[in-house]
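Student: Below you will find the structure I want to go over with you.
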Amino acid sequence: MQPRDTCTRLIQKSGFVNYSISTNKNDYLSNYSDRDKKWDNHANNRDALSCRLFDIGNDRGNNELLKYSEKIDSCALTLQYKPQTNMQTGEVTIKLKKAFFCKKRTCPLCSWRRSMKNFWLIFTRIKEAVEKDKLVPLFLTLTVPNVEVDNLRDKSKDMTRAWNNLMKRKELKSIKGWVKTTEITYSQKYKNAHPHFHVILLVSSTYFKCDEYIKRDRWLQLWQQATNDPSITQVDIRRVKPRIENIDGKKVLDIYNNSTLPTNDGLMNAVLEVSKYATKSSDLLACDDNFLVGYINQIKGLRFIATGGALKDAMKEEHDNLINLNDDEDEDGEEEDDLITFNYIRPIHKYKRSRPTVSVSP
């Protein structure tokens, strides 16, 4: 079955074959709300990945892969928003209140929403530590040699053990807190995986003026020893220079979602790096079939984010609620009539507002 046939099947299954291109620009979510423009792009990636997984599963007679494709295909086809009015400015905005998410690790939509949630939790906690506890953030990247996809699971576990051993070193007692995430990139040249850690470390303000300071070359030695791999040649450690005095924490998700991070804000850029997807959708769509299937099997049950020290509870609110992404309380009991509904229309690759039909009595 060709990809084109597969996508046609998915379009028909969505129930939105009979569609019309509206001349009202406000019918489309991308025009209705600036903060929600990314939905279309991530939904397009969802469809591309779902179609591809269906093709592979169909060709190989793999029912599990077909079910996996079906789950991703059903993700967030309908979004329901509640209008909200700013009592001070009179501005009317919308906030997502209802949606069904598949919660699959490789789903582009779920990965995007989860990364936003992680960004909010990590940023607000580190911002608090920097402001109140006078701690200084460092950004650390730890790498290992590339591995074949079939060895990815074992290598990920080895890296976690190496990190745990590293943090037991008395030499690192100056680290007051940390948050660590795993990123896996796909090598187009070698057709294998490059797993690595991104870490934000918190140290005292006197760290750079005392014997506890650890230079880059020493970090490399410590990581080589922890992994028992002297072939490792690259680590990166740098000081993060936050400019958070003018940043309202309540606006941080809008800043993140609209890709307008200040280039001179080291903290926001560091948090962006540690909170992004474990593997980019572009990598999953570009890799070969064997890598994609192997990757899905290898990452099952693996945890790609961990915290310790002063940041130990930074992810305590981490859960699969991909609708509410900040600490704002939500009202219960919204009436369906109060919600604005957008359906994803596959032929035009957009979320379009569903307007109730008005029946006229004869």
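Chain labels follow the order of the structure tokens: the first chain is A, the next B, and so on; residue numbering restarts at 1 in every chain, and ligands are counted from 1 in their shown order.
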Enumerate, as a PDB file with C-alpha atoms, in the first residue's frame, the complete set of residues in stretch 94-267 of chain A that a backbone-based DSSP assignment places in strand (DSSP E or B).
Tutor:
ATOM      1  CA  ILE A  94      -9.313  31.290  24.466  1.00  0.00           C
ATOM      2  CA  LYS A  95      -7.961  28.523  26.679  1.00  0.00           C
ATOM      3  CA  LEU A  96      -7.928  24.812  25.808  1.00  0.00           C
ATOM      4  CA  LYS A  97     -10.388  22.927  28.007  1.00  0.00           C
ATOM      5  CA  LYS A  98     -11.017  19.588  26.310  1.00  0.00           C
ATOM      6  CA  ALA A  99      -9.063  17.325  23.956  1.00  0.00           C
ATOM      7  CA  VAL A 136      23.796  30.025  39.911  1.00  0.00           C
ATOM      8  CA  PRO A 137      22.777  27.750  36.999  1.00  0.00           C
ATOM      9  CA  LEU A 138      25.295  25.900  34.829  1.00  0.00           C
ATOM     10  CA  PHE A 139      24.518  24.058  31.598  1.00  0.00           C
ATOM     11  CA  LEU A 140      26.215  20.693  31.103  1.00  0.00           C
ATOM     12  CA  THR A 141      26.117  18.398  28.063  1.00  0.00           C
ATOM     13  CA  LEU A 142      27.400  14.821  28.388  1.00  0.00           C
ATOM     14  CA  THR A 143      27.806  12.596  25.345  1.00  0.00           C
ATOM     15  CA  VAL A 147      25.036   3.252  19.138  1.00  0.00           C
ATOM     16  CA  ILE A 175      26.173  21.006  43.227  1.00  0.00           C
ATOM     17  CA  LYS A 176      23.025  22.020  45.107  1.00  0.00           C
ATOM     18  CA  GLY A 177      20.484  20.783  42.593  1.00  0.00           C
ATOM     19  CA  TRP A 178      20.109  19.455  39.062  1.00  0.00           C
ATOM     20  CA  VAL A 179      17.638  18.511  36.336  1.00  0.00           C
ATOM     21  CA  LYS A 180      18.751  16.059  33.640  1.00  0.00           C
ATOM     22  CA  THR A 181      17.065  15.041  30.397  1.00  0.00           C
ATOM     23  CA  THR A 182      17.989  12.569  27.685  1.00  0.00           C
ATOM     24  CA  GLU A 183      17.968  13.538  24.024  1.00  0.00           C
ATOM     25  CA  ILE A 184      18.408  11.042  21.192  1.00  0.00           C
ATOM     26  CA  THR A 185      19.273  12.334  17.750  1.00  0.00           C
ATOM     27  CA  TYR A 186      19.398  10.353  14.524  1.00  0.00           C
ATOM     28  CA  SER A 187      22.588  10.265  12.483  1.00  0.00           C
ATOM     29  CA  ASN A 192      22.323   5.108  14.197  1.00  0.00           C
ATOM     30  CA  ALA A 193      21.463   6.901  17.429  1.00  0.00           C
ATOM     31  CA  HIS A 194      23.318   9.575  19.365  1.00  0.00           C
ATOM     32  CA  PRO A 195      22.061   9.613  22.990  1.00  0.00           C
ATOM     33  CA  HIS A 196      23.265  12.401  25.269  1.00  0.00           C
ATOM     34  CA  PHE A 197      22.348  14.240  28.471  1.00  0.00           C
ATOM     35  CA  HIS A 198      21.422  17.896  28.855  1.00  0.00           C
ATOM     36  CA  VAL A 199      21.743  19.004  32.480  1.00  0.00           C
ATOM     37  CA  ILE A 200      21.104  22.220  34.385  1.00  0.00           C
ATOM     38  CA  LEU A 201      23.185  22.331  37.566  1.00  0.00           C
ATOM     39  CA  LEU A 202      22.681  24.766  40.435  1.00  0.00           C
ATOM     40  CA  VAL A 203      25.727  25.893  42.411  1.00  0.00           C
ATOM     41  CA  VAL A 235      31.600  17.360  27.176  1.00  0.00           C
ATOM     42  CA  ASP A 236      30.433  20.944  27.418  1.00  0.00           C
ATOM     43  CA  ILE A 237      29.991  23.025  30.560  1.00  0.00           C
ATOM     44  CA  ARG A 238      29.119  26.720  30.647  1.00  0.00           C
ATOM     45  CA  ARG A 239      27.660  29.276  32.972  1.00  0.00           C
TER      46      ARG A 239
END
Student: Got a sec to tell me which of stretch 141-312 of chain A DSSP assigns to alpha helix (DSSP H), as a ChimeraX atom specification?
Tutor: /A:152-166,216-227,252-257,266-275,281-286,289-298
Student: For atom CA of A:Thr89 and atom CA of A:Leu322, quote the distance in Å rounded to one decimal.
Tutor: 28.1 Å
Student: Tell me which protein, DNA and RNA residues are within 12 Å of A:Cys107, counting only C-alpha atoms, leaving out same-chain ones fewer than 4 positions away, and put them as an MDAnalysis selection string.
Tutor: chainID A and resid 42:50 53 68:76 101:103 111:115 277:282 284:285 296
Student: Keeping N, CA and C atoms for every residue in the selection just given, could you write it to a file as a short mmCIF file (atom, residue, chain, number, x, y, z; two decimals), in the first residue's frame?
Tutor:
data_model
loop_
_atom_site.label_atom_id
_atom_site.label_comp_id
_atom_site.auth_asym_id
_atom_site.auth_seq_id
_atom_site.Cartn_x
_atom_site.Cartn_y
_atom_site.Cartn_z
N HIS A 42 2.12 20.73 14.11
CA HIS A 42 2.32 19.48 14.85
C HIS A 42 1.30 18.42 14.44
N ALA A 43 0.10 18.86 14.10
CA ALA A 43 -0.91 17.91 13.62
C ALA A 43 -0.50 17.33 12.27
N ASN A 44 0.11 18.14 11.42
CA ASN A 44 0.60 17.64 10.14
C ASN A 44 1.69 16.59 10.35
N ASN A 45 2.58 16.83 11.31
CA ASN A 45 3.62 15.85 11.63
C ASN A 45 3.01 14.57 12.21
N ARG A 46 1.96 14.73 13.01
CA ARG A 46 1.25 13.55 13.53
C ARG A 46 0.73 12.70 12.40
N ASP A 47 0.10 13.33 11.40
CA ASP A 47 -0.44 12.58 10.27
C ASP A 47 0.65 11.89 9.48
N ALA A 48 1.76 12.60 9.26
CA ALA A 48 2.87 12.02 8.49
C ALA A 48 3.44 10.80 9.20
N LEU A 49 3.62 10.90 10.52
CA LEU A 49 4.17 9.76 11.27
C LEU A 49 3.17 8.61 11.33
N SER A 50 1.90 8.93 11.54
CA SER A 50 0.88 7.89 11.60
C SER A 50 0.78 7.14 10.27
N LEU A 53 3.89 4.87 9.90
CA LEU A 53 3.83 3.69 10.76
C LEU A 53 2.80 2.69 10.24
N TYR A 68 -0.52 0.98 17.04
CA TYR A 68 0.24 2.17 17.46
C TYR A 68 -0.06 3.33 16.53
N SER A 69 -0.11 3.04 15.23
CA SER A 69 -0.44 4.06 14.23
C SER A 69 -1.84 4.61 14.46
N GLU A 70 -2.79 3.72 14.75
CA GLU A 70 -4.17 4.13 14.99
C GLU A 70 -4.27 5.07 16.18
N LYS A 71 -3.51 4.77 17.24
CA LYS A 71 -3.54 5.62 18.44
C LYS A 71 -3.07 7.03 18.11
N ILE A 72 -1.93 7.12 17.41
CA ILE A 72 -1.40 8.44 17.06
C ILE A 72 -2.35 9.16 16.12
N ASP A 73 -2.94 8.42 15.20
CA ASP A 73 -3.86 9.01 14.23
C ASP A 73 -5.06 9.68 14.90
N SER A 74 -5.47 9.16 16.06
CA SER A 74 -6.67 9.67 16.73
C SER A 74 -6.38 10.85 17.66
N CYS A 75 -5.12 11.24 17.76
CA CYS A 75 -4.73 12.24 18.76
C CYS A 75 -5.21 13.65 18.41
N ALA A 76 -5.92 14.26 19.33
CA ALA A 76 -6.29 15.69 19.27
C ALA A 76 -6.93 16.09 17.95
N PHE A 101 -5.80 13.14 23.95
CA PHE A 101 -4.41 12.93 23.54
C PHE A 101 -4.07 11.45 23.64
N CYS A 102 -3.33 10.94 22.65
CA CYS A 102 -2.97 9.52 22.65
C CYS A 102 -1.89 9.19 23.67
N LYS A 103 -1.05 10.18 24.03
CA LYS A 103 0.01 10.07 25.04
C LYS A 103 1.10 9.07 24.65
N SER A 111 4.31 15.03 22.29
CA SER A 111 5.68 15.43 22.63
C SER A 111 5.78 16.94 22.78
N TRP A 112 5.12 17.66 21.89
CA TRP A 112 5.12 19.13 21.96
C TRP A 112 4.45 19.62 23.23
N ARG A 113 3.27 19.09 23.52
CA ARG A 113 2.56 19.51 24.72
C ARG A 113 3.34 19.15 25.99
N ARG A 114 3.94 17.97 26.00
CA ARG A 114 4.71 17.54 27.18
C ARG A 114 5.94 18.43 27.37
N SER A 115 6.57 18.81 26.28
CA SER A 115 7.74 19.68 26.39
C SER A 115 7.36 21.05 26.95
N TYR A 277 11.81 17.83 23.14
CA TYR A 277 11.47 16.44 22.90
C TYR A 277 12.68 15.53 23.06
N ALA A 278 12.42 14.28 23.49
CA ALA A 278 13.50 13.30 23.58
C ALA A 278 14.10 13.08 22.19
N THR A 279 13.24 13.01 21.19
CA THR A 279 13.69 12.91 19.80
C THR A 279 12.78 13.77 18.94
N LYS A 280 13.35 14.61 18.10
CA LYS A 280 12.56 15.52 17.27
C LYS A 280 11.72 14.75 16.26
N SER A 281 10.56 15.30 15.96
CA SER A 281 9.69 14.69 14.94
C SER A 281 10.40 14.63 13.60
N SER A 282 11.21 15.63 13.30
CA SER A 282 11.94 15.64 12.02
C SER A 282 12.87 14.45 11.92
N LEU A 284 12.39 11.49 13.46
CA LEU A 284 11.56 10.29 13.32
C LEU A 284 11.00 10.16 11.92
N LEU A 285 10.76 11.29 11.25
CA LEU A 285 10.25 11.25 9.89
C LEU A 285 11.35 11.04 8.86
N ILE A 296 11.01 2.85 18.65
CA ILE A 296 9.76 2.72 19.40
C ILE A 296 9.84 1.59 20.41
#
Student: Report, in Å with one decimal, the straight-line distance from atom CA of A:Tyr344 to atom CA of A:Gln80.
Tutor: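 Atom-to-atom, atom CA of A:Tyr344 to atom CA of A:Gln80, that is 11.5 Å.
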